[in-house]
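To be precise, the following lines are entry-v3.cif, and they hold mmCIF, N, CA and C atoms.
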```
data_my_file
loop_
_atom_site.label_atom_id
_atom_site.label_comp_id
_atom_site.auth_asym_id
_atom_site.auth_seq_id
_atom_site.Cartn_x
_atom_site.Cartn_y
_atom_site.Cartn_z
N MET A 19 15.99 -8.10 6.57
CA MET A 19 14.61 -8.36 6.93
C MET A 19 14.37 -7.88 8.37
N ILE A 20 13.24 -7.23 8.58
CA ILE A 20 12.89 -6.83 9.93
C ILE A 20 12.09 -7.95 10.59
N ALA A 21 12.15 -8.01 11.91
CA ALA A 21 11.53 -9.13 12.64
C ALA A 21 10.03 -9.20 12.43
N ASP A 22 9.35 -8.09 12.46
CA ASP A 22 7.89 -8.06 12.34
C ASP A 22 7.52 -7.21 11.13
N GLU A 23 7.01 -7.86 10.10
CA GLU A 23 6.66 -7.14 8.88
C GLU A 23 5.16 -6.95 8.74
N SER A 24 4.44 -7.12 9.84
CA SER A 24 2.99 -6.94 9.80
C SER A 24 2.65 -5.46 9.66
N TRP A 25 1.42 -5.19 9.28
CA TRP A 25 0.95 -3.81 9.11
C TRP A 25 1.14 -3.01 10.39
N ASP A 26 0.89 -3.63 11.54
CA ASP A 26 0.93 -2.93 12.82
C ASP A 26 2.32 -2.82 13.44
N SER A 27 3.34 -3.26 12.75
CA SER A 27 4.69 -3.25 13.30
C SER A 27 5.15 -1.83 13.66
N ALA A 28 5.58 -1.67 14.89
CA ALA A 28 6.12 -0.38 15.33
C ALA A 28 7.48 -0.10 14.69
N LEU A 29 8.11 -1.14 14.16
CA LEU A 29 9.43 -0.98 13.52
C LEU A 29 9.33 -0.40 12.11
N ASP A 30 8.13 -0.46 11.53
CA ASP A 30 7.94 0.03 10.16
C ASP A 30 6.59 0.73 10.06
N PRO A 31 6.50 1.96 10.59
CA PRO A 31 5.20 2.64 10.70
C PRO A 31 4.75 3.39 9.43
N ILE A 32 5.45 3.18 8.32
CA ILE A 32 5.16 3.99 7.14
C ILE A 32 4.79 3.13 5.93
N VAL A 33 4.19 3.80 4.95
CA VAL A 33 3.99 3.22 3.62
C VAL A 33 4.63 4.16 2.62
N ILE A 34 4.98 3.61 1.49
CA ILE A 34 5.47 4.41 0.37
C ILE A 34 4.29 4.58 -0.58
N ALA A 35 4.02 5.80 -0.98
CA ALA A 35 2.87 6.08 -1.85
C ALA A 35 3.30 6.89 -3.06
N THR A 36 2.46 6.88 -4.06
CA THR A 36 2.69 7.75 -5.20
C THR A 36 2.33 9.17 -4.81
N GLU A 37 2.88 10.11 -5.50
CA GLU A 37 2.57 11.51 -5.24
C GLU A 37 1.08 11.78 -5.46
N ALA A 38 0.50 11.15 -6.48
CA ALA A 38 -0.92 11.34 -6.78
C ALA A 38 -1.82 10.86 -5.65
N VAL A 39 -1.45 9.75 -5.01
CA VAL A 39 -2.22 9.25 -3.86
C VAL A 39 -2.06 10.19 -2.68
N ALA A 40 -0.82 10.57 -2.39
CA ALA A 40 -0.55 11.45 -1.24
C ALA A 40 -1.28 12.78 -1.36
N GLU A 41 -1.41 13.27 -2.58
CA GLU A 41 -2.09 14.56 -2.81
C GLU A 41 -3.58 14.41 -3.10
N LYS A 42 -4.09 13.18 -2.95
CA LYS A 42 -5.52 12.87 -3.13
C LYS A 42 -6.02 13.14 -4.55
N ARG A 43 -5.12 13.04 -5.53
CA ARG A 43 -5.54 13.21 -6.93
C ARG A 43 -6.06 11.91 -7.52
N GLN A 44 -5.59 10.78 -6.97
CA GLN A 44 -5.98 9.47 -7.48
C GLN A 44 -6.30 8.54 -6.31
N ASP A 45 -7.12 7.54 -6.59
CA ASP A 45 -7.46 6.53 -5.59
C ASP A 45 -6.37 5.46 -5.53
N ILE A 46 -6.29 4.78 -4.41
CA ILE A 46 -5.36 3.66 -4.26
C ILE A 46 -5.98 2.44 -4.93
N LEU A 47 -5.26 1.89 -5.91
CA LEU A 47 -5.76 0.73 -6.65
C LEU A 47 -4.90 -0.51 -6.45
N ARG A 48 -3.73 -0.34 -5.84
CA ARG A 48 -2.85 -1.50 -5.61
C ARG A 48 -2.06 -1.30 -4.33
N VAL A 49 -1.97 -2.36 -3.54
CA VAL A 49 -1.18 -2.39 -2.30
C VAL A 49 -0.19 -3.53 -2.44
N VAL A 50 1.09 -3.22 -2.28
CA VAL A 50 2.15 -4.22 -2.41
C VAL A 50 2.81 -4.39 -1.05
N HIS A 51 3.10 -5.65 -0.70
CA HIS A 51 3.81 -5.93 0.55
C HIS A 51 5.09 -6.68 0.20
N GLN A 52 6.20 -5.95 0.26
CA GLN A 52 7.51 -6.53 0.00
C GLN A 52 8.29 -6.62 1.30
N GLU A 53 9.39 -7.32 1.26
CA GLU A 53 10.22 -7.52 2.44
C GLU A 53 10.98 -6.24 2.81
N GLY A 54 11.16 -6.01 4.11
CA GLY A 54 12.01 -4.93 4.59
C GLY A 54 11.29 -3.63 4.89
N HIS A 55 12.08 -2.64 5.35
CA HIS A 55 11.53 -1.32 5.67
C HIS A 55 10.95 -0.70 4.40
N GLY A 56 9.80 -0.07 4.53
CA GLY A 56 9.15 0.51 3.37
C GLY A 56 8.53 -0.55 2.47
N GLY A 57 8.35 -1.74 3.02
CA GLY A 57 7.82 -2.85 2.23
C GLY A 57 6.36 -2.73 1.87
N TRP A 58 5.64 -1.89 2.61
CA TRP A 58 4.23 -1.62 2.27
C TRP A 58 4.20 -0.43 1.32
N GLN A 59 3.61 -0.64 0.16
CA GLN A 59 3.56 0.42 -0.86
C GLN A 59 2.15 0.49 -1.44
N VAL A 60 1.70 1.70 -1.73
CA VAL A 60 0.38 1.90 -2.34
C VAL A 60 0.54 2.68 -3.63
N TYR A 61 -0.22 2.25 -4.63
CA TYR A 61 -0.13 2.83 -5.97
C TYR A 61 -1.51 3.18 -6.49
N ASP A 62 -1.55 4.16 -7.38
CA ASP A 62 -2.80 4.50 -8.05
C ASP A 62 -2.89 3.83 -9.42
N ASP A 63 -1.76 3.41 -9.98
CA ASP A 63 -1.69 2.75 -11.29
C ASP A 63 -2.26 3.61 -12.41
N VAL A 64 -2.30 4.92 -12.21
CA VAL A 64 -2.76 5.84 -13.24
C VAL A 64 -1.63 6.79 -13.63
N GLU A 65 -1.16 7.55 -12.67
CA GLU A 65 -0.08 8.50 -12.93
C GLU A 65 1.27 7.81 -12.76
N PRO A 66 2.25 8.16 -13.57
CA PRO A 66 3.58 7.55 -13.42
C PRO A 66 4.19 7.88 -12.05
N LEU A 67 4.91 6.92 -11.50
CA LEU A 67 5.58 7.12 -10.21
C LEU A 67 6.83 7.96 -10.46
N THR A 68 6.78 9.21 -10.02
CA THR A 68 7.91 10.12 -10.22
C THR A 68 8.64 10.42 -8.92
N SER A 69 7.89 10.70 -7.89
CA SER A 69 8.49 11.04 -6.60
C SER A 69 7.76 10.29 -5.49
N PRO A 70 8.29 9.14 -5.05
CA PRO A 70 7.64 8.40 -3.97
C PRO A 70 7.51 9.27 -2.71
N VAL A 71 6.41 9.09 -1.99
CA VAL A 71 6.12 9.87 -0.80
C VAL A 71 5.99 8.91 0.39
N VAL A 72 6.58 9.27 1.51
CA VAL A 72 6.48 8.47 2.73
C VAL A 72 5.31 9.00 3.56
N ILE A 73 4.41 8.10 3.95
CA ILE A 73 3.23 8.47 4.72
C ILE A 73 3.08 7.49 5.89
N LEU A 74 2.69 7.99 7.03
CA LEU A 74 2.40 7.11 8.17
C LEU A 74 1.20 6.23 7.83
N LYS A 75 1.25 4.98 8.26
CA LYS A 75 0.16 4.04 7.98
C LYS A 75 -1.17 4.56 8.49
N GLU A 76 -1.17 5.17 9.67
CA GLU A 76 -2.42 5.70 10.22
C GLU A 76 -3.01 6.79 9.33
N GLU A 77 -2.15 7.55 8.66
CA GLU A 77 -2.62 8.62 7.76
C GLU A 77 -3.18 8.05 6.46
N ILE A 78 -2.54 7.01 5.94
CA ILE A 78 -3.03 6.42 4.69
C ILE A 78 -4.40 5.77 4.91
N LEU A 79 -4.63 5.23 6.12
CA LEU A 79 -5.94 4.66 6.43
C LEU A 79 -7.02 5.74 6.47
N LYS A 80 -6.64 6.96 6.81
CA LYS A 80 -7.60 8.07 6.78
C LYS A 80 -7.96 8.44 5.35
N LEU A 81 -7.02 8.25 4.43
CA LEU A 81 -7.30 8.54 3.01
C LEU A 81 -8.23 7.49 2.41
N ASP A 82 -8.07 6.23 2.85
CA ASP A 82 -8.87 5.14 2.29
C ASP A 82 -9.04 4.05 3.36
N SER A 83 -10.16 4.05 4.02
CA SER A 83 -10.38 3.09 5.11
C SER A 83 -10.53 1.65 4.61
N THR A 84 -10.77 1.44 3.31
CA THR A 84 -10.89 0.07 2.80
C THR A 84 -9.54 -0.65 2.84
N LEU A 85 -8.46 0.07 3.04
CA LEU A 85 -7.14 -0.57 3.15
C LEU A 85 -7.09 -1.52 4.34
N LYS A 86 -7.94 -1.31 5.33
CA LYS A 86 -7.99 -2.21 6.49
C LYS A 86 -8.28 -3.64 6.05
N GLU A 87 -8.95 -3.80 4.90
CA GLU A 87 -9.29 -5.12 4.39
C GLU A 87 -8.08 -5.89 3.88
N VAL A 88 -6.97 -5.21 3.61
CA VAL A 88 -5.82 -5.88 3.00
C VAL A 88 -4.54 -5.75 3.83
N THR A 89 -4.66 -5.37 5.08
CA THR A 89 -3.47 -5.21 5.91
C THR A 89 -2.87 -6.53 6.38
N GLU A 90 -3.50 -7.63 6.05
CA GLU A 90 -3.00 -8.94 6.44
C GLU A 90 -2.29 -9.67 5.30
N ILE A 91 -2.14 -9.03 4.13
CA ILE A 91 -1.48 -9.75 3.04
C ILE A 91 -0.03 -10.04 3.40
N LYS A 92 0.44 -11.18 2.95
CA LYS A 92 1.78 -11.63 3.28
C LYS A 92 2.82 -10.94 2.42
N VAL A 93 4.06 -10.98 2.87
CA VAL A 93 5.19 -10.50 2.06
C VAL A 93 5.18 -11.28 0.75
N GLY A 94 5.36 -10.57 -0.35
CA GLY A 94 5.38 -11.20 -1.67
C GLY A 94 4.03 -11.23 -2.36
N TYR A 95 3.04 -10.56 -1.74
CA TYR A 95 1.70 -10.51 -2.32
C TYR A 95 1.28 -9.06 -2.54
N GLU A 96 0.25 -8.90 -3.36
CA GLU A 96 -0.33 -7.59 -3.58
C GLU A 96 -1.84 -7.70 -3.64
N ALA A 97 -2.49 -6.62 -3.28
CA ALA A 97 -3.94 -6.50 -3.39
C ALA A 97 -4.19 -5.47 -4.48
N TYR A 98 -5.23 -5.72 -5.28
CA TYR A 98 -5.50 -4.80 -6.38
C TYR A 98 -7.01 -4.73 -6.63
N ARG A 99 -7.41 -3.68 -7.31
CA ARG A 99 -8.81 -3.49 -7.69
C ARG A 99 -8.84 -2.54 -8.88
N SER A 100 -9.95 -2.52 -9.59
CA SER A 100 -10.03 -1.69 -10.79
C SER A 100 -10.45 -0.25 -10.48
N ASP A 101 -11.16 -0.05 -9.37
CA ASP A 101 -11.56 1.30 -8.96
C ASP A 101 -11.87 1.27 -7.47
N ARG A 102 -12.14 2.43 -6.91
CA ARG A 102 -12.31 2.56 -5.46
C ARG A 102 -13.47 1.75 -4.89
N VAL A 103 -14.49 1.50 -5.67
CA VAL A 103 -15.66 0.78 -5.17
C VAL A 103 -15.59 -0.72 -5.42
N SER A 104 -14.62 -1.17 -6.16
CA SER A 104 -14.46 -2.61 -6.44
C SER A 104 -13.85 -3.32 -5.24
N ALA A 105 -14.13 -4.62 -5.15
CA ALA A 105 -13.56 -5.44 -4.08
C ALA A 105 -12.07 -5.66 -4.33
N TRP A 106 -11.32 -5.75 -3.24
CA TRP A 106 -9.90 -6.06 -3.33
C TRP A 106 -9.72 -7.52 -3.73
N LYS A 107 -8.74 -7.78 -4.59
CA LYS A 107 -8.32 -9.14 -4.95
C LYS A 107 -6.86 -9.27 -4.56
N ILE A 108 -6.44 -10.46 -4.19
CA ILE A 108 -5.06 -10.67 -3.74
C ILE A 108 -4.38 -11.70 -4.63
N ARG A 109 -3.13 -11.42 -4.97
CA ARG A 109 -2.35 -12.36 -5.77
C ARG A 109 -0.87 -12.27 -5.37
N ARG A 110 -0.16 -13.34 -5.66
CA ARG A 110 1.28 -13.38 -5.44
C ARG A 110 1.94 -12.48 -6.47
N ILE A 111 2.95 -11.75 -6.06
CA ILE A 111 3.67 -10.86 -6.99
C ILE A 111 4.53 -11.73 -7.91
N ALA A 112 4.41 -11.49 -9.18
CA ALA A 112 5.22 -12.22 -10.18
C ALA A 112 6.69 -11.84 -10.02
N ARG A 113 7.54 -12.81 -10.11
CA ARG A 113 8.99 -12.54 -9.98
C ARG A 113 9.66 -12.57 -11.31
#
```
Could you rewrite the structure in this file as structure tokens?
Amino acid sequence: MIADESWDSALDPIVIATEAVAEKRQDILRVVHQEGHGGWQVYDDVEPLTSPVVILKEEILKLDSTLKEVTEIKVGYEAYRSDRVSAWKIRRIAR
């Protein structure tokens, strides 16, 4: 576990994204916050995850500024929505 797992942590400046999100083919529909380095992950939930892509957090915010609304979710939670214009909902990740 890293000491600071917040979105703004200088110790973990990246997110893991799907290739479709990184290439702007799909919108971000789910944000997961897990423990440890690379604990912030974004998914499109459309295309299968084949090759995870590492992106700086500041760059992912440029792709979708609404992510600022969910940067406070705790470890073990995820934010999700049905499409880009829908409101984010937050829930605990099922174990």
At a cut-off of 8 Å, can you tabulate as JSON lines every residue of range 22-47 of chain A near range 61-78 of chain A together with its closest atom pair and the distance in Å to one decimal, using only C-alpha atoms and ordering rows by chain then number?
```
{"residue": "A:Trp25", "atom": "CA", "partner": "A:Lys75", "partner_atom": "CA", "distance": 8.0}
{"residue": "A:Pro31", "atom": "CA", "partner": "A:Leu74", "partner_atom": "CA", "distance": 5.8}
{"residue": "A:Ile32", "atom": "CA", "partner": "A:Leu74", "partner_atom": "CA", "distance": 4.3}
{"residue": "A:Val33", "atom": "CA", "partner": "A:Ile73", "partner_atom": "CA", "distance": 5.4}
{"residue": "A:Ile34", "atom": "CA", "partner": "A:Val72", "partner_atom": "CA", "distance": 4.8}
{"residue": "A:Ala35", "atom": "CA", "partner": "A:Val71", "partner_atom": "CA", "distance": 5.1}
{"residue": "A:Thr36", "atom": "CA", "partner": "A:Pro70", "partner_atom": "CA", "distance": 5.1}
{"residue": "A:Glu37", "atom": "CA", "partner": "A:Val71", "partner_atom": "CA", "distance": 5.9}
{"residue": "A:Ala38", "atom": "CA", "partner": "A:Glu65", "partner_atom": "CA", "distance": 6.8}
{"residue": "A:Val39", "atom": "CA", "partner": "A:Asp62", "partner_atom": "CA", "distance": 6.4}
{"residue": "A:Ala40", "atom": "CA", "partner": "A:Val71", "partner_atom": "CA", "distance": 6.9}
{"residue": "A:Gln44", "atom": "CA", "partner": "A:Asp62", "partner_atom": "CA", "distance": 5.9}
{"residue": "A:Asp45", "atom": "CA", "partner": "A:Asp62", "partner_atom": "CA", "distance": 5.6}
{"residue": "A:Ile46", "atom": "CA", "partner": "A:Asp62", "partner_atom": "CA", "distance": 4.7}
{"residue": "A:Leu47", "atom": "CA", "partner": "A:Asp62", "partner_atom": "CA", "distance": 5.0}
```
Would you please give, as a count of residues only, all residues of range 21-105 of chain A that DSSP assigns to helix (DSSP H, G or I) based on the backbone?
17
Counting all atoms listed in the file, the option among A:Val60, A:Leu79, A:Val50, A:Ala112 closest to Glu96 in chain A
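Among the listed residues, the smallest separation from Glu96 in chain A belongs to A:Val50.
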Could you list, as a CSV table (one decimal) with N, CA and C atoms, in the coordinates of the input, every residue matched by the PyMOL selection byres (((chain A and resi 111 and name CA) around 7) and name CA) in this structure?
```csv
chain,number,residue,atom,x,y,z
A,94,GLY,N,5.4,-10.6,-0.4
A,94,GLY,CA,5.4,-11.2,-1.7
A,94,GLY,C,4.0,-11.2,-2.4
A,95,TYR,N,3.0,-10.6,-1.7
A,95,TYR,CA,1.7,-10.5,-2.3
A,95,TYR,C,1.3,-9.1,-2.5
A,96,GLU,N,0.2,-8.9,-3.4
A,96,GLU,CA,-0.3,-7.6,-3.6
A,96,GLU,C,-1.8,-7.7,-3.6
A,109,ARG,N,-3.1,-11.4,-5.0
A,109,ARG,CA,-2.4,-12.4,-5.8
A,109,ARG,C,-0.9,-12.3,-5.4
A,110,ARG,N,-0.2,-13.3,-5.7
A,110,ARG,CA,1.3,-13.4,-5.4
A,110,ARG,C,1.9,-12.5,-6.5
A,112,ALA,N,4.4,-11.5,-9.2
A,112,ALA,CA,5.2,-12.2,-10.2
A,112,ALA,C,6.7,-11.8,-10.0
A,113,ARG,N,7.5,-12.8,-10.1
A,113,ARG,CA,9.0,-12.5,-10.0
A,113,ARG,C,9.7,-12.6,-11.3
```
Care to translate the PyMOL selection byres ((chain A and resi 52) around 8) into actual residues of this file, as a PDB file with N, CA and C atoms, in the frame of the given file?
```
ATOM      1  N   GLU A  23       7.010  -7.860  10.100  1.00  0.00           N
ATOM      2  CA  GLU A  23       6.660  -7.140   8.880  1.00  0.00           C
ATOM      3  C   GLU A  23       5.160  -6.950   8.740  1.00  0.00           C
ATOM      4  N   VAL A  49      -1.970  -2.360  -3.540  1.00  0.00           N
ATOM      5  CA  VAL A  49      -1.180  -2.390  -2.300  1.00  0.00           C
ATOM      6  C   VAL A  49      -0.190  -3.530  -2.440  1.00  0.00           C
ATOM      7  N   VAL A  50       1.090  -3.220  -2.280  1.00  0.00           N
ATOM      8  CA  VAL A  50       2.150  -4.220  -2.410  1.00  0.00           C
ATOM      9  C   VAL A  50       2.810  -4.390  -1.050  1.00  0.00           C
ATOM     10  N   HIS A  51       3.100  -5.650  -0.700  1.00  0.00           N
ATOM     11  CA  HIS A  51       3.810  -5.930   0.550  1.00  0.00           C
ATOM     12  C   HIS A  51       5.090  -6.680   0.200  1.00  0.00           C
ATOM     13  N   GLU A  53       9.390  -7.320   1.260  1.00  0.00           N
ATOM     14  CA  GLU A  53      10.220  -7.520   2.440  1.00  0.00           C
ATOM     15  C   GLU A  53      10.980  -6.240   2.810  1.00  0.00           C
ATOM     16  N   GLY A  54      11.160  -6.010   4.110  1.00  0.00           N
ATOM     17  CA  GLY A  54      12.010  -4.930   4.590  1.00  0.00           C
ATOM     18  C   GLY A  54      11.290  -3.630   4.890  1.00  0.00           C
ATOM     19  N   HIS A  55      12.080  -2.640   5.350  1.00  0.00           N
ATOM     20  CA  HIS A  55      11.530  -1.320   5.670  1.00  0.00           C
ATOM     21  C   HIS A  55      10.950  -0.700   4.400  1.00  0.00           C
ATOM     22  N   GLY A  56       9.800  -0.070   4.530  1.00  0.00           N
ATOM     23  CA  GLY A  56       9.150   0.510   3.370  1.00  0.00           C
ATOM     24  C   GLY A  56       8.530  -0.550   2.470  1.00  0.00           C
ATOM     25  N   GLY A  57       8.350  -1.740   3.020  1.00  0.00           N
ATOM     26  CA  GLY A  57       7.820  -2.850   2.230  1.00  0.00           C
ATOM     27  C   GLY A  57       6.360  -2.730   1.870  1.00  0.00           C
ATOM     28  N   TRP A  58       5.640  -1.890   2.610  1.00  0.00           N
ATOM     29  CA  TRP A  58       4.230  -1.620   2.270  1.00  0.00           C
ATOM     30  C   TRP A  58       4.200  -0.430   1.320  1.00  0.00           C
ATOM     31  N   GLN A  59       3.610  -0.640   0.160  1.00  0.00           N
ATOM     32  CA  GLN A  59       3.560   0.420  -0.860  1.00  0.00           C
ATOM     33  C   GLN A  59       2.150   0.490  -1.440  1.00  0.00           C
ATOM     34  N   LYS A  92       0.440 -11.180   2.950  1.00  0.00           N
ATOM     35  CA  LYS A  92       1.780 -11.630   3.280  1.00  0.00           C
ATOM     36  C   LYS A  92       2.820 -10.940   2.420  1.00  0.00           C
ATOM     37  N   VAL A  93       4.060 -10.980   2.870  1.00  0.00           N
ATOM     38  CA  VAL A  93       5.190 -10.500   2.060  1.00  0.00           C
ATOM     39  C   VAL A  93       5.180 -11.280   0.750  1.00  0.00           C
ATOM     40  N   GLY A  94       5.360 -10.570  -0.350  1.00  0.00           N
ATOM     41  CA  GLY A  94       5.380 -11.200  -1.670  1.00  0.00           C
ATOM     42  C   GLY A  94       4.030 -11.230  -2.360  1.00  0.00           C
ATOM     43  N   TYR A  95       3.040 -10.560  -1.740  1.00  0.00           N
ATOM     44  CA  TYR A  95       1.700 -10.510  -2.320  1.00  0.00           C
ATOM     45  C   TYR A  95       1.280  -9.060  -2.540  1.00  0.00           C
ATOM     46  N   GLU A  96       0.250  -8.900  -3.360  1.00  0.00           N
ATOM     47  CA  GLU A  96      -0.330  -7.590  -3.580  1.00  0.00           C
ATOM     48  C   GLU A  96      -1.840  -7.700  -3.640  1.00  0.00           C
TER      49      GLU A  96
END
```
What is the distance, in Å and to one decimal place, between CA of Glu41 in chain A and CA of Asp22 in chain A?
29.0 Å
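Compared by their closest atoms to Glu90 in chain A, and using only C-alpha atoms, the residues A:Ser24, A:Arg48, A:Val103, A:Arg43 rank with A:Ser24 nearest.
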With 8 Å on each side, where is the centre of the axis-aligned box around all listed atoms of range 83-99 of chain A, and how long are its edges in Å to one decimal, as AutoDock Vina command-line options?
```
--center_x -2.8 --center_y -3.8 --center_z -1.2 --size_x 32.3 --size_y 31.7 --size_z 31.4
```
Could you work out how far CA of Leu29 in chain A lies from CA of Thr84 in chain A, giving the answer in Å with one decimal?
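It comes out at 23.0 Å.
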Extract the full set of strand (DSSP E) residues from range 27-101 of chain A according to DSSP on the backbone, and format it as a VMD selection string.
chain A and resid 32 to 35 48 to 51 58 to 61 71 to 74 95 to 98
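In this model, the gap between CA of Arg102 in chain A and atom C of Lys42 in chain A comes to 12.3 Å.
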Please write the residues picked by the PyMOL selection byres (((chain A and resi 107 and name CA) around 6) and name CA) on this file as a list in words.
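What the PyMOL selection byres (((chain A and resi 107 and name CA) around 6) and name CA) grabs from the file is Ala97, Tyr98, Trp106 and Ile108 of chain A.
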